[in-house]
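What follows is the content of query-v3.cif (mmCIF, C-alpha atoms).
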data_query
#
loop_
_atom_site.label_atom_id
_atom_site.label_comp_id
_atom_site.auth_asym_id
_atom_site.auth_seq_id
_atom_site.Cartn_x
_atom_site.Cartn_y
_atom_site.Cartn_z
CA MET G 4 -45.82 -48.88 -64.17
CA ASN G 5 -46.78 -50.79 -67.31
CA LEU G 6 -47.65 -49.35 -70.73
CA LYS G 7 -51.39 -49.16 -70.07
CA GLU G 8 -50.83 -47.37 -66.76
CA ALA G 9 -48.31 -44.99 -68.37
CA LEU G 10 -50.78 -44.01 -71.10
CA GLN G 11 -53.54 -43.52 -68.52
CA PHE G 12 -51.14 -41.43 -66.45
CA VAL G 13 -50.16 -39.04 -69.28
CA GLU G 14 -53.52 -38.72 -71.06
CA PRO G 15 -54.98 -36.01 -68.77
CA HIS G 16 -51.82 -33.93 -69.28
CA LEU G 17 -51.95 -33.91 -73.10
CA LYS G 18 -54.13 -32.45 -75.81
CA LYS G 19 -56.03 -35.12 -77.74
CA SER G 20 -53.80 -34.77 -80.83
CA ARG G 21 -50.68 -35.01 -78.68
CA PHE G 22 -52.00 -38.16 -76.98
CA GLU G 23 -52.60 -39.70 -80.44
CA HIS G 24 -49.01 -38.72 -81.36
CA THR G 25 -47.79 -40.36 -78.15
CA LYS G 26 -49.52 -43.66 -79.02
CA ARG G 27 -47.93 -43.60 -82.48
CA VAL G 28 -44.50 -42.96 -80.92
CA VAL G 29 -45.07 -45.99 -78.68
CA GLU G 30 -45.94 -48.20 -81.66
CA THR G 31 -42.96 -46.99 -83.68
CA ALA G 32 -40.59 -47.29 -80.74
CA VAL G 33 -41.76 -50.81 -79.82
CA ASP G 34 -41.26 -51.92 -83.43
CA LEU G 35 -37.71 -50.53 -83.35
CA ALA G 36 -36.99 -51.99 -79.91
CA ASP G 37 -38.03 -55.39 -81.25
CA PHE G 38 -35.89 -54.96 -84.37
CA TYR G 39 -32.80 -53.71 -82.49
CA GLN G 40 -33.31 -56.02 -79.50
CA ALA G 41 -33.67 -53.23 -76.97
CA ASP G 42 -35.54 -53.65 -73.67
CA ILE G 43 -39.14 -53.35 -74.92
CA GLU G 44 -40.68 -52.56 -71.53
CA LYS G 45 -38.33 -49.65 -70.94
CA VAL G 46 -38.72 -48.34 -74.49
CA GLU G 47 -42.53 -48.41 -74.40
CA LEU G 48 -42.59 -46.73 -71.00
CA ALA G 49 -40.23 -43.94 -72.14
CA ALA G 50 -42.19 -43.48 -75.39
CA ALA G 51 -45.51 -43.29 -73.52
CA LEU G 52 -44.14 -40.74 -71.05
CA HIS G 53 -41.89 -38.67 -73.33
CA ASP G 54 -44.21 -35.65 -73.67
CA TYR G 55 -45.51 -35.70 -70.11
CA ALA G 56 -44.45 -32.08 -69.44
CA LYS G 57 -45.30 -30.76 -72.93
CA TYR G 58 -48.11 -28.50 -71.72
CA ARG G 59 -46.72 -27.44 -68.38
CA ASP G 60 -46.89 -23.73 -67.78
CA LYS G 61 -43.76 -21.97 -69.01
CA GLU G 62 -43.20 -20.15 -65.73
CA GLU G 63 -43.51 -23.40 -63.79
CA MET G 64 -40.92 -25.05 -66.06
CA LYS G 65 -38.62 -22.06 -65.59
CA ARG G 66 -38.90 -22.47 -61.81
CA TRP G 67 -38.01 -26.17 -61.99
CA ILE G 68 -34.97 -25.37 -64.13
CA ILE G 69 -33.81 -22.71 -61.67
CA GLU G 70 -34.56 -24.68 -58.49
CA GLU G 71 -33.47 -28.17 -59.51
CA SER G 72 -30.21 -29.52 -60.88
CA LEU G 73 -31.07 -28.89 -64.54
CA PRO G 74 -28.73 -26.99 -66.90
CA LYS G 75 -29.37 -23.27 -66.48
CA ASP G 76 -28.42 -22.55 -70.10
CA LEU G 77 -31.81 -24.05 -71.09
CA LEU G 78 -33.31 -20.72 -70.12
CA GLU G 79 -31.37 -18.99 -72.91
CA PHE G 80 -32.91 -21.32 -75.52
CA HIS G 81 -36.42 -21.84 -76.85
CA HIS G 82 -38.88 -23.02 -74.17
CA GLU G 83 -39.96 -25.78 -76.54
CA LEU G 84 -36.77 -27.56 -75.39
CA TRP G 85 -37.65 -27.46 -71.70
CA HIS G 86 -40.29 -30.20 -71.58
CA GLY G 87 -37.73 -33.00 -72.03
CA PRO G 88 -35.50 -32.23 -69.02
CA VAL G 89 -38.44 -30.96 -66.93
CA GLY G 90 -40.53 -33.99 -67.93
CA SER G 91 -37.78 -36.31 -66.77
CA LEU G 92 -37.62 -34.49 -63.44
CA LEU G 93 -41.39 -34.49 -62.91
CA LEU G 94 -41.79 -38.16 -63.84
CA LYS G 95 -39.44 -38.93 -60.98
CA LYS G 96 -41.31 -36.65 -58.57
CA GLU G 97 -44.91 -37.21 -59.66
CA ALA G 98 -44.99 -40.73 -61.11
CA GLY G 99 -42.22 -42.29 -59.04
CA ILE G 100 -40.30 -43.38 -62.14
CA LYS G 101 -36.83 -44.42 -61.02
CA ASP G 102 -35.40 -46.22 -64.06
CA THR G 103 -32.57 -44.02 -65.34
CA ASN G 104 -32.83 -45.51 -68.86
CA VAL G 105 -36.45 -44.42 -69.09
CA LEU G 106 -35.83 -41.00 -67.51
CA SER G 107 -32.85 -40.20 -69.73
CA ALA G 108 -34.74 -41.18 -72.90
CA VAL G 109 -37.43 -38.67 -71.91
CA ARG G 110 -34.83 -36.09 -70.98
CA TRP G 111 -32.98 -36.14 -74.32
CA HIS G 112 -35.82 -36.88 -76.73
CA THR G 113 -35.93 -33.36 -78.21
CA THR G 114 -32.29 -32.23 -78.34
CA GLY G 115 -30.34 -35.46 -78.53
CA LYS G 116 -26.86 -35.50 -76.95
CA ALA G 117 -23.43 -37.00 -77.50
CA GLY G 118 -23.20 -40.67 -76.54
CA MET G 119 -26.86 -41.66 -76.77
CA SER G 120 -27.90 -45.10 -75.51
CA LEU G 121 -29.92 -47.52 -77.66
CA ILE G 122 -33.11 -46.66 -75.76
CA GLU G 123 -32.45 -42.91 -76.09
CA LYS G 124 -31.88 -43.27 -79.84
CA ILE G 125 -35.06 -45.30 -80.34
CA VAL G 126 -37.31 -42.83 -78.50
CA PHE G 127 -35.61 -39.87 -80.22
CA ILE G 128 -36.07 -41.28 -83.71
CA ALA G 129 -39.56 -42.73 -83.07
CA ASP G 130 -40.68 -39.24 -82.06
CA TYR G 131 -39.20 -37.96 -85.33
CA ILE G 132 -40.62 -40.55 -87.75
CA GLU G 133 -43.93 -41.73 -86.24
CA PRO G 134 -46.45 -42.06 -89.08
CA GLY G 135 -48.23 -38.78 -88.27
CA ARG G 136 -45.08 -36.76 -89.00
CA ASP G 137 -44.99 -35.06 -92.38
CA PHE G 138 -42.09 -32.72 -93.08
CA PRO G 139 -39.34 -32.56 -95.70
CA GLY G 140 -36.85 -35.38 -95.34
CA VAL G 141 -38.85 -37.59 -92.97
CA ASP G 142 -39.40 -40.36 -95.53
CA GLU G 143 -35.65 -40.64 -96.13
CA VAL G 144 -35.15 -41.11 -92.38
CA ARG G 145 -37.97 -43.69 -92.19
CA HIS G 146 -36.30 -45.59 -95.02
CA GLN G 147 -32.96 -45.53 -93.17
CA VAL G 148 -34.09 -46.41 -89.68
CA LYS G 149 -33.79 -50.21 -89.99
CA LEU G 150 -30.67 -50.02 -92.16
CA SER G 151 -28.67 -47.93 -89.71
CA LEU G 152 -30.17 -46.44 -86.56
CA ASP G 153 -27.12 -44.17 -86.19
CA LEU G 154 -27.42 -42.84 -89.74
CA ALA G 155 -31.15 -42.25 -89.22
CA CYS G 156 -30.41 -40.28 -86.02
CA TRP G 157 -27.67 -38.35 -87.87
CA MET G 158 -30.13 -37.43 -90.64
CA ALA G 159 -32.75 -36.31 -88.13
CA LEU G 160 -30.20 -34.11 -86.36
CA ARG G 161 -28.91 -32.67 -89.64
CA ASN G 162 -32.48 -31.93 -90.78
CA THR G 163 -33.29 -30.32 -87.44
CA ILE G 164 -30.18 -28.09 -87.53
CA GLN G 165 -30.97 -27.12 -91.15
CA PHE G 166 -34.58 -26.35 -90.24
CA LEU G 167 -33.61 -24.21 -87.25
CA MET G 168 -31.01 -22.34 -89.33
CA SER G 169 -33.60 -21.70 -92.05
CA LYS G 170 -35.80 -20.12 -89.34
CA LYS G 171 -32.85 -18.11 -87.92
CA GLN G 172 -33.22 -19.88 -84.58
CA THR G 173 -30.55 -20.82 -82.08
CA ILE G 174 -29.58 -24.47 -81.70
CA TYR G 175 -29.12 -26.09 -78.31
CA PRO G 176 -25.47 -27.12 -77.81
CA ASP G 177 -26.33 -30.78 -77.08
CA THR G 178 -27.93 -31.01 -80.54
CA PHE G 179 -24.58 -29.93 -82.04
CA HIS G 180 -22.72 -32.36 -79.81
CA ALA G 181 -25.09 -35.14 -80.90
CA TYR G 182 -24.53 -34.23 -84.57
CA ASN G 183 -20.73 -34.26 -84.11
CA ASP G 184 -20.84 -37.51 -82.15
CA PHE G 185 -22.87 -39.40 -84.78
CA THR G 186 -20.73 -37.85 -87.55
CA SER G 187 -17.56 -39.17 -85.90
CA ARG G 188 -19.06 -42.62 -85.32
CA LEU G 189 -20.25 -42.90 -88.92
CA SER G 190 -17.03 -41.71 -90.59
CA MET C 8 5.56 -4.46 -87.70
CA ASN C 9 3.78 -2.56 -90.46
CA LEU C 10 1.78 -4.01 -93.36
CA LYS C 11 4.73 -4.18 -95.76
CA GLU C 12 6.88 -5.97 -93.18
CA ALA C 13 4.02 -8.35 -92.32
CA LEU C 14 3.55 -9.34 -95.97
CA GLN C 15 7.33 -9.83 -96.37
CA PHE C 16 7.31 -11.91 -93.20
CA VAL C 17 4.54 -14.30 -94.30
CA GLU C 18 5.39 -14.62 -98.01
CA PRO C 19 8.08 -17.35 -97.61
CA HIS C 20 5.62 -19.43 -95.56
CA LEU C 21 2.84 -19.45 -98.16
CA LYS C 22 2.22 -20.92 -101.60
CA LYS C 23 2.00 -18.24 -104.28
CA SER C 24 -1.79 -18.60 -104.63
CA ARG C 25 -2.21 -18.36 -100.85
CA PHE C 26 -0.09 -15.21 -100.75
CA GLU C 27 -2.30 -13.67 -103.46
CA HIS C 28 -5.34 -14.65 -101.36
CA THR C 29 -3.71 -12.99 -98.33
CA LYS C 30 -3.25 -9.70 -100.20
CA ARG C 31 -6.90 -9.77 -101.28
CA VAL C 32 -7.97 -10.41 -97.66
CA VAL C 33 -5.90 -7.37 -96.62
CA GLU C 34 -7.58 -5.16 -99.23
CA THR C 35 -11.07 -6.38 -98.31
CA ALA C 36 -10.39 -6.08 -94.58
CA VAL C 37 -8.94 -2.56 -94.88
CA ASP C 38 -11.98 -1.44 -96.85
CA LEU C 39 -14.26 -2.83 -94.13
CA ALA C 40 -12.12 -1.36 -91.33
CA ASP C 41 -12.45 2.03 -92.99
CA PHE C 42 -16.22 1.60 -93.43
CA TYR C 43 -16.82 0.35 -89.86
CA GLN C 44 -14.23 2.68 -88.27
CA ALA C 45 -12.08 -0.13 -86.89
CA ASP C 46 -8.36 0.30 -86.15
CA ILE C 47 -6.95 -0.02 -89.68
CA GLU C 48 -3.37 -0.80 -88.62
CA LYS C 49 -4.46 -3.70 -86.46
CA VAL C 50 -6.89 -5.02 -89.07
CA GLU C 51 -4.34 -4.95 -91.90
CA LEU C 52 -1.72 -6.63 -89.72
CA ALA C 53 -4.12 -9.41 -88.69
CA ALA C 54 -5.29 -9.88 -92.29
CA ALA C 55 -1.71 -10.07 -93.58
CA LEU C 56 -0.73 -12.63 -90.93
CA HIS C 57 -3.95 -14.69 -90.71
CA ASP C 58 -2.68 -17.71 -92.69
CA TYR C 59 0.88 -17.65 -91.33
CA ALA C 60 0.69 -21.28 -90.09
CA LYS C 61 -1.39 -22.59 -93.02
CA TYR C 62 1.37 -24.86 -94.35
CA ARG C 63 2.97 -25.93 -91.10
CA ASP C 64 3.55 -29.62 -90.84
CA LYS C 65 0.56 -31.39 -89.29
CA GLU C 66 2.68 -33.20 -86.70
CA GLU C 67 4.36 -29.94 -85.66
CA MET C 68 0.95 -28.30 -85.21
CA LYS C 69 -0.21 -31.28 -83.16
CA ARG C 70 2.83 -30.88 -80.89
CA TRP C 71 2.11 -27.17 -80.33
CA ILE C 72 -1.50 -27.98 -79.45
CA ILE C 73 -0.40 -30.63 -76.97
CA GLU C 74 2.48 -28.66 -75.43
CA GLU C 75 1.00 -25.16 -75.27
CA SER C 76 -2.17 -23.82 -73.72
CA LEU C 77 -4.36 -24.45 -76.76
CA PRO C 78 -7.67 -26.34 -76.54
CA LYS C 79 -6.93 -30.06 -76.74
CA ASP C 80 -10.29 -30.77 -78.40
CA LEU C 81 -8.83 -29.29 -81.62
CA LEU C 82 -7.11 -32.64 -82.11
CA GLU C 83 -10.50 -34.36 -82.45
CA PHE C 84 -11.45 -32.04 -85.32
CA HIS C 85 -10.16 -31.52 -88.86
CA HIS C 86 -6.52 -30.34 -88.95
CA GLU C 87 -7.62 -27.57 -91.33
CA LEU C 88 -8.84 -25.81 -88.16
CA TRP C 89 -5.46 -25.89 -86.42
CA HIS C 90 -3.65 -23.16 -88.33
CA GLY C 91 -5.67 -20.35 -86.71
CA PRO C 92 -4.84 -21.12 -83.06
CA VAL C 93 -1.34 -22.40 -83.90
CA GLY C 94 -0.72 -19.36 -86.15
CA SER C 95 -1.66 -17.03 -83.30
CA LEU C 96 0.76 -18.85 -80.99
CA LEU C 97 3.63 -18.84 -83.50
CA LEU C 98 3.18 -15.19 -84.41
CA LYS C 99 3.80 -14.40 -80.76
CA LYS C 100 6.84 -16.69 -80.60
CA GLU C 101 8.37 -16.12 -84.03
CA ALA C 102 7.32 -12.61 -85.03
CA GLY C 103 7.07 -11.04 -81.60
CA ILE C 104 3.46 -9.96 -82.17
CA LYS C 105 2.04 -8.93 -78.81
CA ASP C 106 -1.18 -7.13 -79.72
CA THR C 107 -4.00 -9.31 -78.42
CA ASN C 108 -6.49 -7.84 -80.92
CA VAL C 109 -4.29 -8.94 -83.81
CA LEU C 110 -3.51 -12.35 -82.31
CA SER C 111 -7.13 -13.14 -81.51
CA ALA C 112 -8.28 -12.18 -85.03
CA VAL C 113 -5.77 -14.69 -86.41
CA ARG C 114 -6.78 -17.27 -83.83
CA TRP C 115 -10.49 -17.22 -84.61
CA HIS C 116 -10.47 -16.47 -88.33
CA THR C 117 -11.52 -20.01 -89.38
CA THR C 118 -13.99 -21.13 -86.72
CA GLY C 119 -15.40 -17.90 -85.37
CA LYS C 120 -16.48 -17.84 -81.71
CA ALA C 121 -19.16 -16.34 -79.48
CA GLY C 122 -18.59 -12.67 -78.68
CA MET C 123 -16.37 -11.70 -81.60
CA SER C 124 -14.74 -8.25 -81.56
CA LEU C 125 -15.05 -5.84 -84.50
CA ILE C 126 -11.52 -6.71 -85.68
CA GLU C 127 -12.20 -10.46 -85.38
CA LYS C 128 -15.41 -10.10 -87.41
CA ILE C 129 -13.70 -8.07 -90.14
CA VAL C 130 -10.84 -10.54 -90.64
CA PHE C 131 -13.25 -13.50 -90.48
CA ILE C 132 -15.58 -12.08 -93.11
CA ALA C 133 -12.82 -10.64 -95.34
CA ASP C 134 -11.32 -14.13 -95.51
CA TYR C 135 -14.76 -15.42 -96.54
CA ILE C 136 -15.68 -12.83 -99.19
CA GLU C 137 -12.35 -11.65 -100.71
CA PRO C 138 -12.85 -11.32 -104.49
CA GLY C 139 -11.06 -14.61 -105.28
CA ARG C 140 -13.68 -16.63 -103.39
CA ASP C 141 -16.30 -18.34 -105.52
CA PHE C 142 -18.72 -20.67 -103.79
CA PRO C 143 -22.50 -20.84 -103.43
CA GLY C 144 -23.86 -18.01 -101.33
CA VAL C 145 -20.76 -15.79 -101.27
CA ASP C 146 -22.35 -13.02 -103.37
CA GLU C 147 -25.24 -12.75 -100.94
CA VAL C 148 -22.74 -12.27 -98.10
CA ARG C 149 -20.75 -9.68 -100.12
CA HIS C 150 -23.99 -7.79 -100.70
CA GLN C 151 -24.77 -7.86 -96.97
CA VAL C 152 -21.38 -6.96 -95.53
CA LYS C 153 -21.84 -3.15 -95.51
CA LEU C 154 -25.52 -3.34 -94.58
CA SER C 155 -24.97 -5.45 -91.46
CA LEU C 156 -21.61 -6.93 -90.52
CA ASP C 157 -23.31 -9.20 -87.97
CA LEU C 158 -25.80 -10.53 -90.52
CA ALA C 159 -22.97 -11.13 -93.00
CA CYS C 160 -21.03 -13.10 -90.34
CA TRP C 161 -24.21 -15.02 -89.48
CA MET C 162 -24.71 -15.94 -93.16
CA ALA C 163 -21.09 -17.07 -93.50
CA LEU C 164 -21.42 -19.26 -90.40
CA ARG C 165 -24.75 -20.71 -91.57
CA ASN C 166 -23.27 -21.45 -95.01
CA THR C 167 -20.20 -23.06 -93.43
CA ILE C 168 -22.31 -25.28 -91.14
CA GLN C 169 -24.53 -26.26 -94.10
CA PHE C 170 -21.48 -27.02 -96.24
CA LEU C 171 -19.85 -29.16 -93.54
CA MET C 172 -23.11 -31.04 -92.93
CA SER C 173 -23.48 -31.69 -96.67
CA LYS C 174 -19.98 -33.24 -96.55
CA LYS C 175 -20.84 -35.26 -93.39
CA GLN C 176 -18.08 -33.50 -91.49
CA THR C 177 -17.93 -32.55 -87.83
CA ILE C 178 -18.29 -28.90 -86.86
CA TYR C 179 -16.03 -27.25 -84.30
CA PRO C 180 -18.04 -26.23 -81.21
CA ASP C 181 -16.92 -22.58 -81.40
CA THR C 182 -18.50 -22.35 -84.86
CA PHE C 183 -21.82 -23.44 -83.33
CA HIS C 184 -21.36 -21.00 -80.45
CA ALA C 185 -20.63 -18.22 -82.97
CA TYR C 186 -23.77 -19.14 -84.94
CA ASN C 187 -25.91 -19.10 -81.77
CA ASP C 188 -24.36 -15.84 -80.57
CA PHE C 189 -25.03 -13.98 -83.84
CA THR C 190 -28.52 -15.52 -84.03
CA SER C 191 -29.36 -14.19 -80.54
CA ARG C 192 -27.93 -10.74 -81.31
CA LEU C 193 -29.89 -10.49 -84.57
CA SER C 194 -33.26 -11.67 -83.24
#

Translate this structure into structure tokens?
Amino acid sequence: MNLKEALQFVEPHLKKSRFEHTKRVVETAVDLADFYQADIEKVELAAALHDYAKYRDKEEMKRWIIEESLPKDLLEFHHELWHGPVGSLLLKKEAGIKDTNVLSAVRWHTTGKAGMSLIEKIVFIADYIEPGRDFPGVDEVRHQVKLSLDLACWMALRNTIQFLMSKKQTIYPDTFHAYNDFTSRLS
Amino acid sequence: MNLKEALQFVEPHLKKSRFEHTKRVVETAVDLADFYQADIEKVELAAALHDYAKYRDKEEMKRWIIEESLPKDLLEFHHELWHGPVGSLLLKKEAGIKDTNVLSAVRWHTTGKAGMSLIEKIVFIADYIEPGRDFPGVDEVRHQVKLSLDLACWMALRNTIQFLMSKKQTIYPDTFHAYNDFTSRLS
């Protein structure tokens, strides 16, 4: 599956605004893949497919989490987190995607995790900073992303944890583990 | 061991200022135990003993963590966190404390954990709000502590996570789990 096919594949599954977001994530991610010498074909595929399961029915996602080998603790956290792991699963089943680099970048794009690969980091941060994003702190991360990808990811995780705490929401453990992992690497 | 004996037991192990802090934690914790109808004798004992291992040599604490059944991941985090678990261990060995309520309140007084008992919460929050403490946000927690003990603990955990993130420090996983646990209970 090439980029054009991937975009055609996801478009019917996304709202128009989400498809526009997806194309901006692809552009941002490809730029970063070029800059950091990552595998551009894998990065653009993961970026194009990252929100594939975004609008799946909540009950359907719950069933996939229960029936397949996905972490059951997802069910205790906000359903907004489910589309990454479920998307990764469904891209294997429904689009025949086999590349584990692509699938894992989709899987971890919302929460992050400890020990992220270059491709995972690029898709994670491209989703955070694509030019349509406009929230406190995003410009600082944009400024950082070509100076230190790790520091940019750290900032995005810190901002996300702060935001969730300000809303009195729980935080998925892998987001904490990602924060700790980047903190250790950067110190 | 009663309160007087506990204070006599810890005094030689603490700097003068830390011993004064300990007595203020006892007063604060006893007041809260009375208010929340917790077992006052256990609370005052745990409060008196909570910093017993505070000034143990770092290498000695490391040895206890390695040799005894304490979580090995402590070694990957700031040594400031070690005196709770090591203190709990040494109070059993060196003071003959057997009461698991007292020992666990000492053990978790710095990090917190998911599923804290009433005694654990009281010692944790008394250590945070005793009248000698003066840092941003502490007055808000003092104001909250007799309205909702859980919300006060939640605020203390949120403030601690924010503070550690502002210092680019790692955060012990049990502190995250405590934050998530209180967040779920309060929502």

Point out the residue among G:Glu123, G:Phe12, G:Ala181, G:Ala36 with the least atom-to-atom distance to Lys149 of chain G, counting all atoms listed in the file.
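Ranking G:Glu123, G:Phe12, G:Ala181, G:Ala36 by distance to Lys149 of chain G, first place goes to G:Ala36.
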
State, in Å with one decimal place, the distance from atom CA of Val152 of chain C to atom CA of Phe42 of chain C.
10.2 Å

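With atom CA of Ser194 of chain C on one side and atom CA of Met64 of chain G on the other, the separation reads 23.1 Å.
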
Under the rule of at most 8 Å, produce a per-residue listing of chain C near chain G: chain, number, name, the closest pair of atoms, and the distance in Å, as a tab-separated table, using only C-alpha atoms.
residue	atom	partner	partner_atom	distance
C:Arg165	CA	G:Met168	CA	6.8
C:Gln169	CA	G:Gln165	CA	7.1
C:Met172	CA	G:Arg161	CA	6.9
C:Lys175	CA	G:Thr186	CA	6.4
C:Gln176	CA	G:Thr186	CA	6.4
C:Thr177	CA	G:Asn183	CA	5.0
C:Ile178	CA	G:Asn183	CA	6.5
C:Pro180	CA	G:Phe179	CA	7.6
C:Phe183	CA	G:Phe179	CA	7.2
C:His184	CA	G:Pro176	CA	7.8
C:Tyr186	CA	G:Thr173	CA	7.5
C:Asn187	CA	G:Thr173	CA	5.0
C:Thr190	CA	G:Thr173	CA	6.0
C:Ser191	CA	G:Thr173	CA	6.9
C:Ser194	CA	G:Lys171	CA	8.0

Using all atoms listed in the file, the best pick from C:Lys69, C:His116, C:His28, C:Lys174 as closest to Leu81 of chain C would be C:Lys69

Distance criterion (only C-alpha atoms): nearest to Ala102 of chain C out of C:Val130, C:Ala13, C:Leu156, C:Ala45:
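Result for the nearest residue to Ala102 of chain C: C:Ala13.
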
Assuming 6 Å of padding per side, give the centre and edge lengths of the axis-aligned box around every listed atom of segment 20-24 of chain C, in Å to one decimal and as AutoDock Vina command-line options.
--center_x 1.9 --center_y -19.6 --center_z -100.1 --size_x 19.4 --size_y 14.7 --size_z 21.1
